[in-house]
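> Supplied structure: my_file_32.txt, compact mmCIF, C-alpha atoms.
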# COMPACT_ATOMS: atom_id res chain seq x y z
CA MET G 1 -3.65 13.72 -9.22
CA ILE G 2 -2.67 10.77 -7.03
CA ARG G 3 -2.10 7.64 -9.11
CA PHE G 4 0.01 5.42 -6.85
CA HIS G 5 -1.50 3.99 -3.67
CA PRO G 6 -0.79 1.27 -1.11
CA SER G 7 -2.21 -2.07 -2.21
CA ALA G 8 -5.63 -3.15 -0.96
CA GLN G 9 -3.90 -5.77 1.19
CA GLN G 10 -1.59 -3.17 2.72
CA LEU G 11 -4.58 -0.99 3.58
CA LYS G 12 -6.37 -3.97 5.17
CA ASP G 13 -3.23 -4.86 7.14
CA PHE G 14 -3.01 -1.22 8.22
CA VAL G 15 -6.56 -1.38 9.62
CA GLU G 16 -5.84 -4.69 11.37
CA GLY G 17 -2.58 -3.34 12.82
CA THR G 18 -0.34 -6.01 11.27
CA LEU G 19 1.98 -3.72 9.28
CA SER G 20 5.38 -2.83 10.66
CA PRO G 21 5.33 0.51 12.52
CA ALA G 22 7.42 2.25 9.84
CA ILE G 23 5.25 1.11 6.93
CA SER G 24 2.11 1.85 8.92
CA LEU G 25 3.43 5.40 9.33
CA MET G 26 3.87 5.75 5.56
CA VAL G 27 0.40 4.37 4.82
CA SER G 28 -1.18 6.66 7.40
CA ALA G 29 0.59 9.72 5.96
CA HIS G 30 -0.59 8.78 2.47
CA CYS G 31 -4.17 8.42 3.71
CA ASP G 32 -3.93 11.96 5.11
CA MET G 33 -3.44 13.12 1.52
CA CYS G 34 -5.68 10.68 -0.36
CA GLU G 35 -9.49 10.73 -0.02
CA LYS G 36 -9.80 7.44 -1.91
CA CYS G 37 -7.64 5.55 0.58
CA GLN G 38 -9.22 7.38 3.51
CA ARG G 39 -12.60 6.02 2.46
CA PHE G 40 -11.22 2.51 1.94
CA VAL G 41 -9.75 2.55 5.45
CA GLU G 42 -13.02 3.85 6.94
CA ILE G 43 -15.02 1.05 5.28
CA GLU G 44 -12.53 -1.61 6.37
CA THR G 45 -12.49 -0.22 9.91
CA GLU G 46 -16.29 -0.32 10.13
CA SER G 47 -16.34 -3.85 8.70
CA LEU G 48 -13.73 -5.05 11.18
CA ALA G 49 -15.57 -3.42 14.09
CA ALA G 50 -18.87 -5.02 13.03
CA GLN G 51 -17.18 -8.41 12.77
CA MET G 52 -15.69 -8.06 16.25
CA VAL G 53 -19.06 -7.06 17.71
CA SER G 54 -20.72 -10.00 15.96
CA ASN G 55 -18.14 -12.40 17.39
CA VAL G 56 -18.64 -11.01 20.90
CA ASN G 57 -22.44 -11.25 20.61
CA SER G 58 -22.17 -14.80 19.29
CA THR G 59 -20.02 -15.80 22.25
CA ALA G 60 -22.44 -14.14 24.67
CA SER G 61 -25.39 -15.93 23.04
CA ASP G 62 -23.66 -19.31 23.34
CA LYS G 63 -22.97 -18.68 27.01
CA ALA G 64 -26.60 -17.68 27.59
CA GLU G 65 -27.88 -20.88 25.95
CA MET G 66 -25.54 -22.97 28.09
CA SER G 67 -26.83 -21.19 31.19
CA LEU G 68 -30.44 -21.92 30.21
CA GLN G 69 -29.66 -25.60 29.70
CA PHE G 70 -27.89 -25.77 33.04
CA GLY G 71 -30.84 -24.04 34.70
CA ASP G 72 -33.25 -26.59 33.19
CA MET G 73 -31.15 -29.43 34.53
CA LEU G 74 -31.17 -27.93 38.03
CA SER G 75 -34.95 -27.43 37.78
CA GLN G 76 -35.50 -31.10 37.07
CA ILE G 77 -33.27 -32.12 39.95
CA THR G 78 -34.72 -29.76 42.54
CA GLN G 79 -38.29 -29.76 41.17
CA LEU G 80 -38.11 -26.01 40.72
CA PRO G 81 -40.04 -24.36 37.87
CA SER G 82 -38.21 -24.59 34.57
CA SER G 83 -36.16 -21.58 33.64
CA LYS G 84 -38.02 -21.54 30.31
CA GLN G 85 -41.28 -21.24 32.22
CA ASN G 86 -40.00 -18.71 34.70
CA ASN G 87 -37.88 -16.31 32.80
CA THR G 88 -37.56 -14.10 35.85
CA LEU G 89 -34.93 -16.49 37.22
CA MET G 90 -32.46 -15.47 34.61
CA GLU G 91 -31.91 -12.21 32.81
CA GLN G 92 -30.90 -12.17 29.20
CA PRO G 93 -27.44 -10.71 28.58
CA THR G 94 -27.41 -7.08 27.65
CA ALA G 95 -26.73 -6.59 23.94
CA TYR G 96 -23.48 -4.92 23.03
CA ARG G 97 -23.87 -1.54 21.52
CA GLU G 98 -22.59 -0.84 18.06
CA PRO G 99 -19.34 1.09 18.20
CA VAL G 100 -19.68 4.79 17.59
CA LYS G 101 -18.66 5.67 14.03
CA LYS G 102 -15.29 7.30 13.80
CA ARG G 103 -15.60 11.02 13.37
CA ALA G 104 -14.78 12.16 9.86
CA ALA G 105 -12.82 15.17 11.02
CA LEU G 106 -10.22 14.87 13.79
CA ARG G 107 -9.31 17.81 15.96
CA ALA G 108 -6.36 19.67 14.49
CA GLN G 109 -3.16 19.20 16.42
CA ALA G 110 -1.66 22.23 18.08
CA SER G 111 1.87 21.32 17.02
CA VAL G 112 3.66 22.90 14.07
CA ASN G 113 2.74 21.29 10.76
CA THR G 114 5.41 22.66 8.43
CA ILE G 115 9.10 22.25 7.69
CA GLU G 116 11.36 24.84 6.09
CA LEU G 117 14.28 24.70 3.68
CA ASP G 118 16.13 27.74 2.37
CA GLY G 119 13.16 30.05 2.91
CA ARG G 120 10.58 27.65 1.47
CA VAL G 121 7.86 26.32 3.75
CA PHE G 122 6.25 22.91 3.20
CA THR G 123 3.11 21.59 4.90
CA VAL G 124 3.46 17.94 5.89
CA PRO G 125 0.68 15.34 6.40
CA ARG G 126 -0.98 15.29 9.81
CA THR G 127 0.54 11.90 10.68
CA LEU G 128 4.04 13.38 10.41
CA HIS G 129 3.37 16.43 12.59
CA ARG G 130 4.70 14.74 15.72
CA TYR G 131 8.02 14.05 13.98
CA ILE G 132 8.77 17.61 12.93
CA ASP G 133 10.64 18.36 16.15
CA LYS G 134 12.54 15.09 15.65
CA THR G 135 13.81 16.14 12.23
CA GLY G 136 17.51 16.92 11.99
CA ASN G 137 19.25 19.70 10.10
CA TRP G 138 19.27 19.80 6.33
CA SER G 139 22.49 18.69 4.65
CA SER G 140 23.46 19.17 1.01
CA LEU G 141 24.14 16.04 -1.04
CA VAL G 142 25.12 15.54 -4.67
CA GLY G 143 23.08 16.83 -7.60
CA LYS G 144 20.91 19.55 -6.00
CA LEU G 145 19.77 17.16 -3.28
CA TRP G 146 19.04 18.05 0.32
CA GLN G 147 18.37 15.61 3.12
CA ALA G 148 17.03 15.91 6.67
CA PRO G 149 16.97 12.76 8.84
CA VAL G 150 13.87 11.99 10.89
CA ASP G 151 14.24 10.02 14.12
CA LEU G 152 11.39 7.51 14.31
CA GLY G 153 12.53 6.08 17.63
CA ASN G 154 12.24 2.28 17.70
CA GLN G 155 10.90 2.38 14.14
CA GLY G 156 14.27 3.47 12.71
CA VAL G 157 15.25 6.45 10.60
CA ALA G 158 13.43 8.14 7.73
CA ASN G 159 14.41 11.14 5.63
CA PHE G 160 12.88 14.20 4.11
CA ILE G 161 14.61 14.57 0.74
CA PHE G 162 14.34 17.66 -1.42
CA MET G 163 15.31 17.56 -5.08
CA GLY G 164 15.81 21.02 -6.53
CA SER G 165 14.77 21.70 -10.11
CA GLY G 166 16.91 19.41 -12.25
CA GLY G 167 18.22 17.59 -9.19
CA SER G 168 18.48 13.81 -9.31
CA VAL G 169 19.58 10.73 -7.42
CA PRO G 170 22.08 8.67 -9.47
CA GLU G 171 20.79 5.45 -11.01
CA HIS G 172 20.41 2.80 -8.34
CA THR G 173 18.61 -0.28 -7.16
CA HIS G 174 17.89 -1.44 -3.61
CA ARG G 175 19.40 -4.06 -1.35
CA GLY G 176 16.19 -3.94 0.65
CA THR G 177 12.99 -1.95 0.25
CA GLU G 178 12.20 1.72 -0.17
CA TYR G 179 8.89 3.45 0.56
CA THR G 180 8.49 7.02 -0.66
CA LEU G 181 5.67 9.51 -0.23
CA VAL G 182 5.63 12.64 -2.39
CA ILE G 183 4.91 15.54 -0.05
CA ASP G 184 5.12 18.42 -2.51
CA GLY G 185 5.91 18.65 -6.22
CA GLU G 186 6.58 15.92 -8.75
CA PHE G 187 9.42 13.83 -10.12
CA SER G 188 10.11 11.06 -12.62
CA ASP G 189 12.51 8.13 -12.39
CA GLY G 190 12.57 6.46 -15.81
CA LEU G 191 9.80 4.10 -14.72
CA SER G 192 6.96 6.55 -14.19
CA ARG G 193 6.05 10.08 -13.16
CA TYR G 194 4.93 10.79 -9.61
CA ASP G 195 2.90 13.65 -8.17
CA THR G 196 2.00 15.03 -4.74
CA GLY G 197 0.47 12.31 -2.56
CA ASP G 198 1.79 9.34 -4.54
CA PHE G 199 2.88 6.30 -2.50
CA ILE G 200 5.84 4.53 -4.12
CA PHE G 201 7.39 1.14 -3.36
CA MET G 202 10.76 0.02 -4.72
CA ASP G 203 12.87 -3.08 -4.17
CA GLY G 204 15.82 -4.91 -5.72
CA ASP G 205 13.81 -5.87 -8.80
CA LYS G 206 13.74 -2.26 -10.02
CA THR G 207 16.43 0.19 -11.10
CA HIS G 208 15.56 3.87 -11.34
CA THR G 209 16.92 7.42 -11.48
CA PRO G 210 14.69 9.86 -9.57
CA LYS G 211 14.82 13.36 -11.05
CA SER G 212 12.89 16.55 -10.39
CA GLU G 213 12.04 18.44 -13.55
CA GLY G 214 9.55 20.96 -12.12
CA LYS G 215 10.54 24.57 -11.48
CA GLU G 216 9.73 24.31 -7.77
CA GLY G 217 11.57 21.06 -7.08
CA CYS G 218 10.12 18.15 -5.12
CA LEU G 219 9.95 17.14 -1.46
CA VAL G 220 9.53 13.48 -0.49
CA PHE G 221 9.45 11.47 2.72
CA SER G 222 11.35 8.21 2.40
CA ILE G 223 12.09 5.10 4.45
CA VAL G 224 14.68 2.53 3.34
CA ASP G 225 15.71 -0.53 5.32
CA GLN G 226 19.04 -1.02 3.51
CA PRO G 227 21.45 1.39 1.77
CA LEU G 228 20.99 2.13 -1.92
CA HIS G 229 23.15 0.33 -4.47
CA PHE G 230 24.33 2.61 -7.29
CA THR G 231 24.56 0.92 -10.66
CA SER G 232 25.94 3.40 -13.18
CA GLY G 233 29.05 5.46 -13.86
CA LEU G 234 31.11 7.13 -11.18
CA ALA G 235 28.19 6.89 -8.75
CA ARG G 236 29.20 3.28 -8.15
CA LEU G 237 32.17 4.64 -6.23
CA LEU G 238 29.66 5.85 -3.63
CA ASN G 239 28.45 2.33 -2.77
CA PRO G 240 30.86 1.79 0.15
CA PHE G 241 29.57 5.05 1.66
CA SER G 242 25.90 5.03 0.63
CA HIS G 243 24.82 4.03 4.14
CA LEU G 244 26.08 7.43 5.33
CA PHE G 245 23.72 9.35 3.05
CA PHE G 246 20.81 7.26 1.77
CA ARG G 247 19.65 5.11 4.67
Translate this file's structure into structure tokens.

Amino acid sequence: MIRFHPSAQQLKDFVEGTLSPAISLMVSAHCDMCEKCQRFVEIETESLAAQMVSNVNSTASDKAEMSLQFGDMLSQITQLPSSKQNNTLMEQPTAYREPVKKRAALRAQASVNTIELDGRVFTVPRTLHRYIDKTGNWSSLVGKLWQAPVDLGNQGVANFIFMGSGGSVPEHTHRGTEYTLVIDGEFSDGLSRYDTGDFIFMDGDKTHTPKSEGKEGCLVFSIVDQPLHFTSGLARLLNPFSHLFFR
């Protein structure tokens, strides 16, 4: 069950196109997995479209009224019949049509929609399909962790991270921000427990230790804008090199 979602404001900003490209990607991927957020986005999209149509119609109406007033003034000057009396002199502007409602089901993409690690196959959200061929090779990290970098182009770099059963990331905080989407499985971090589809935000105000306790491990998609900062034990020795692994 999905318990962690983007905030209502983030979803509104997503609809309005004001989120950064990287965060918009994360929100879109979450919506692929979450019916609740899908519906919220649909309602906000329809509301925004209706507002835009209303604004356009209001502008058109104002222009039409100005044209009528100008026509009346010319009628008085030239002794022509008033435009209000002879409505054939001026046509009313054609009303804008309501935008067609977005189709509920989009055509499935022909591209591959899975990634593979050590014989296991994982299905990724539709939004991430176009990045599968931009995903690098898996590399083994500490503590039953595997990482595959994803080239987002101008948006930066993200990572698929797999935590095997019992695998964990050492206790750390963040110099910047971290957005994580659980693709498959579940994990806990000392703050909460997260399941498939959960959308997780972390920053420098929080310290956590992600750990997979399920038998099947856990796959996540993560974007960080600054390297992690390890806060406990020998892991602190990794801080000068954390940008090489967790970035």
> Counting all atoms listed in the file, which residues in range 109-170 of chain G sit no more than 12 Å from range 189-203 of chain G? For each one, give the nearest pair of atoms and the distance in Å, sorted by chain then residue number, as a Markdown table.

| residue | atom | partner | partner_atom | distance |
| --- | --- | --- | --- | --- |
| G:Phe122 | CA | G:Thr196 | CA | 12.0 |
| G:Thr123 | CA | G:Thr196 | CA | 11.7 |
| G:Val124 | CA | G:Gly197 | CA | 10.6 |
| G:Pro125 | CA | G:Gly197 | CA | 9.5 |
| G:Gly167 | CA | G:Asp189 | CA | 11.5 |
| G:Ser168 | CA | G:Asp189 | CA | 8.8 |
| G:Val169 | CA | G:Asp189 | CA | 9.0 |
| G:Pro170 | CA | G:Asp189 | CA | 10.0 |
> For range 2-12 of chain G, take all atoms listed in the file, fit an axis-aligned box around them, add 5 Å to each of the six sides, then output centre and edge lengths in Å rounded to one decimal, as JSON.

{"center_x": -3.2, "center_y": 2.5, "center_z": -2.0, "size_x": 16.4, "size_y": 26.5, "size_z": 24.3}
> I'd like to know which of G:His172, G:Lys144, G:His229, G:Arg39 is closest to Glu213 in chain G, using only C-alpha atoms.
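The answer is G:Lys144, which sits nearest to Glu213 in chain G.
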> Pick the closest to Leu128 in chain G from G:Thr231, G:Thr45, G:Thr207, G:Ser24: which is it, counting all atoms listed in the file?
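Ranked by minimum distance to Leu128 in chain G, first place goes to G:Ser24.
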> Which is closer to Leu25 in chain G than all the others in G:Arg126, G:Lys134, G:His174, G:Lys215, using all atoms listed in the file?
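Of the candidates, the smallest distance to Leu25 in chain G is held by G:Arg126.
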> Out of G:Ile132, G:Val182, G:Val224, G:Val41, which residue has the shortest atom-to-atom distance to Phe4 in chain G when counting all atoms listed in the file?
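Result for the nearest residue to Phe4 in chain G: G:Val182.
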